[in-house]
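Student: Shown below is the structure under consideration.
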Amino acid sequence: MTNSTGFLAGCLSYAQRNTTADMRRPPPGRQSQCEGLTTEEESPFLMDTQNPSVPPHAQSRPAANNHPNRRHPHPRPGGGLDHDHTRHTTRFTLVGNHLAQHPELSLVAIGLALHIQSLPKGARVDIKTLAARFPEGTTRIAAALRELEAHGYLRRIRERTPGGRIITRTISCNQPGHHRQAADAHSPAPPKKPKQRTPRKPLPAVPQPACPSPTLLQTATDLLADLHRHDPHLLLSTCDTTHLAPGVAAWLERDLTPTAVRQALTTDLPPEGPRRPAALLAHRLTAQLPPPPPFRAPAPPPAARHPLQNCDGCDRAFRAPAPGHCHDCRSSLPEAA
């Protein structure tokens, strides 16, 4: 009996050790960290004291901590807004928080103000144009425009055009309270200071003719005035022509024809044209001045050709200043002897 009792006690202890864990719902106030269901296991050993050799159960980390792209090491327990910003370098508009987080403006008014501030100068912002652009109707857009006008983000000014029409000009203010006064908006802009023109460089000196006769200077002036017909870049002013005419006259008095002078001034010009044509011509007249012609003794005057006369003796024709006898008849006359 003693052995049977001990055997039964051992079997009962073995059966109790293989009892499965009991699944129950979590008590109020305790939630699972996985799927909303809490599991609780009872100890499989019927012992009065806890076995100190059993390692404690490791608790799983929250699912958010396992994400490889987690941005914050300690996410807010209640969720909330997070930003993924990229710096703008082109095509952006600066908007103050006083507009983006305005406590009194409606969402339609805030969005409409942002759209208007992003438009270029001169864009149409009337109700019909905005209604054609956005799905909101004319009533909501008109109400949003009135909100912006009441809070200082828009100003509407009526003006009369020179033709007599009355137009409405809309002014967008990105900071109400810092806009220009109405008088300043209509006041004429301060006159711009005239640019101080750099003084023109004087033209280079040109050679002077030895005998500046009026006829020679007039021929030189006509030659310079006709240069633009051969090259459009050589259009000279009256002042430039007056300065260059003595130089051309100095060339002409050196036995050069006007055609030769013109060819020397218009040959091998820059393809894009000279920047200062008068200065270029003055340089050529000085640098390429030909030498004076060699000295030549004055030729004797040609012999006078007398008219033909009929000889009074032999009736032959001969040249003489007056009628009379020819040379032969004069030699045979007794007076000659």
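By convention in this document, the chains of the structure tokens carry letters A, B, ... by their order, each chain's residues are numbered from 1, and ligands are numbered from 1 in the order they are shown.
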Could you pull out the alpha helix (DSSP H) residues of range 98-290 of chain A, going by DSSP on the backbone, and write them as a VMD selection string?
Tutor: chain A and resid 98 to 100 107 to 117 127 to 133 138 to 150 182 to 186 214 to 225 238 to 252 258 to 266 277 to 287
Student: Taking only C-alpha atoms into account, which of A:His233, A:Pro292, A:Asp268, A:Thr219 comes nearest Asp255 in chain A?
Tutor: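 Smallest separation from Asp255 in chain A among the options: A:Pro292.
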Student: Give me, as a count of residues only, all polymer residues having an atom no more than 12 Å from Arg275 in chain A, counting only C-alpha atoms and skipping those fewer than 4 positions away in the same chain.
Tutor: 9
Student: How far is it from CA of Cys314 in chain A to CA of Cys326 in chain A, in Å with one decimal?
Tutor: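 Taking CA of Cys314 in chain A as the start and CA of Cys326 in chain A as the end point, the length is 8.0 Å.
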Student: Hey, what's within 7 Å of Thr170 in chain A if we count only C-alpha atoms and toss same-chain stuff fewer than 3 positions away? As a list in words, please?
Tutor: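 The contact residues come out as Leu154, Arg155, Arg156 and Ile157 of chain A.
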Student: I need the residues from that last selection saved to file as a tab-separated table (two decimals), in the first residue's frame (with N, CA and C atoms), if you can.
Tutor:
chain	number	residue	atom	x	y	z
A	154	LEU	N	-5.72	92.79	-48.10
A	154	LEU	CA	-6.06	93.28	-49.44
A	154	LEU	C	-6.55	94.71	-49.34
A	155	ARG	N	-6.22	95.51	-50.37
A	155	ARG	CA	-6.77	96.85	-50.50
A	155	ARG	C	-7.25	97.02	-51.93
A	156	ARG	N	-8.39	97.62	-52.09
A	156	ARG	CA	-8.95	97.85	-53.42
A	156	ARG	C	-9.08	99.35	-53.63
A	157	ILE	N	-8.51	99.84	-54.73
A	157	ILE	CA	-8.51	101.26	-55.05
A	157	ILE	C	-9.12	101.43	-56.43
Student: Report as an NGL selection string: the residues of range 67-224 of chain A with a DSSP assignment of strand (DSSP E), based on the backbone of this structure.
Tutor: :A and (154-160 or 166-172)
Student: Between A:Pro176, A:Arg140, A:Ala303, A:Cys329, single out the one closest to Asp315 in chain A, counting only C-alpha atoms.
Tutor: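 Among A:Pro176, A:Arg140, A:Ala303, A:Cys329, it is A:Cys329 that comes nearest to Asp315 in chain A.
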Student: Record the distance separating CA of Ala109 in chain A and CA of Leu130 in chain A, expressed in Å with one decimal.
Tutor: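 Result for CA of Ala109 in chain A versus CA of Leu130 in chain A: 12.3 Å, one decimal.
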Student: How many Å separate CA of Gly96 in chain A from CA of Gly137 in chain A?
Tutor: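 Computing the Euclidean distance for CA of Gly96 in chain A and CA of Gly137 in chain A yields 26.7 Å.
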Student: Pick from A:Glu149, A:Thr161, A:Gln208, A:Ile171: nearest to Leu119 in chain A, with only C-alpha atoms counted?
Tutor: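 Of all the options, A:Ile171 lies closest to Leu119 in chain A.
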Student: Leaving out range 293-298 of chain A and any residue of its chain fewer than 2 positions from it, which residues lie within 8 Å of it when counting only C-alpha atoms, given as a PyMOL selection string?
Tutor: chain A and resi 254-255+291+300
Student: Set the distance at 12 Å and use only C-alpha atoms: which residues neighbour Asp226 in chain A once local chain neighbours fewer than 5 positions away are removed? I'd like the list as a ChimeraX atom specification.
Tutor: /A:219-221,231-237,241,258-259,262,265-266
Student: Between A:Ile127, A:Leu107, A:Leu256, A:Leu114, single out the one closest to Phe92 in chain A, counting only C-alpha atoms.
Tutor: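 So, comparing all the options, the nearest one is A:Leu114.
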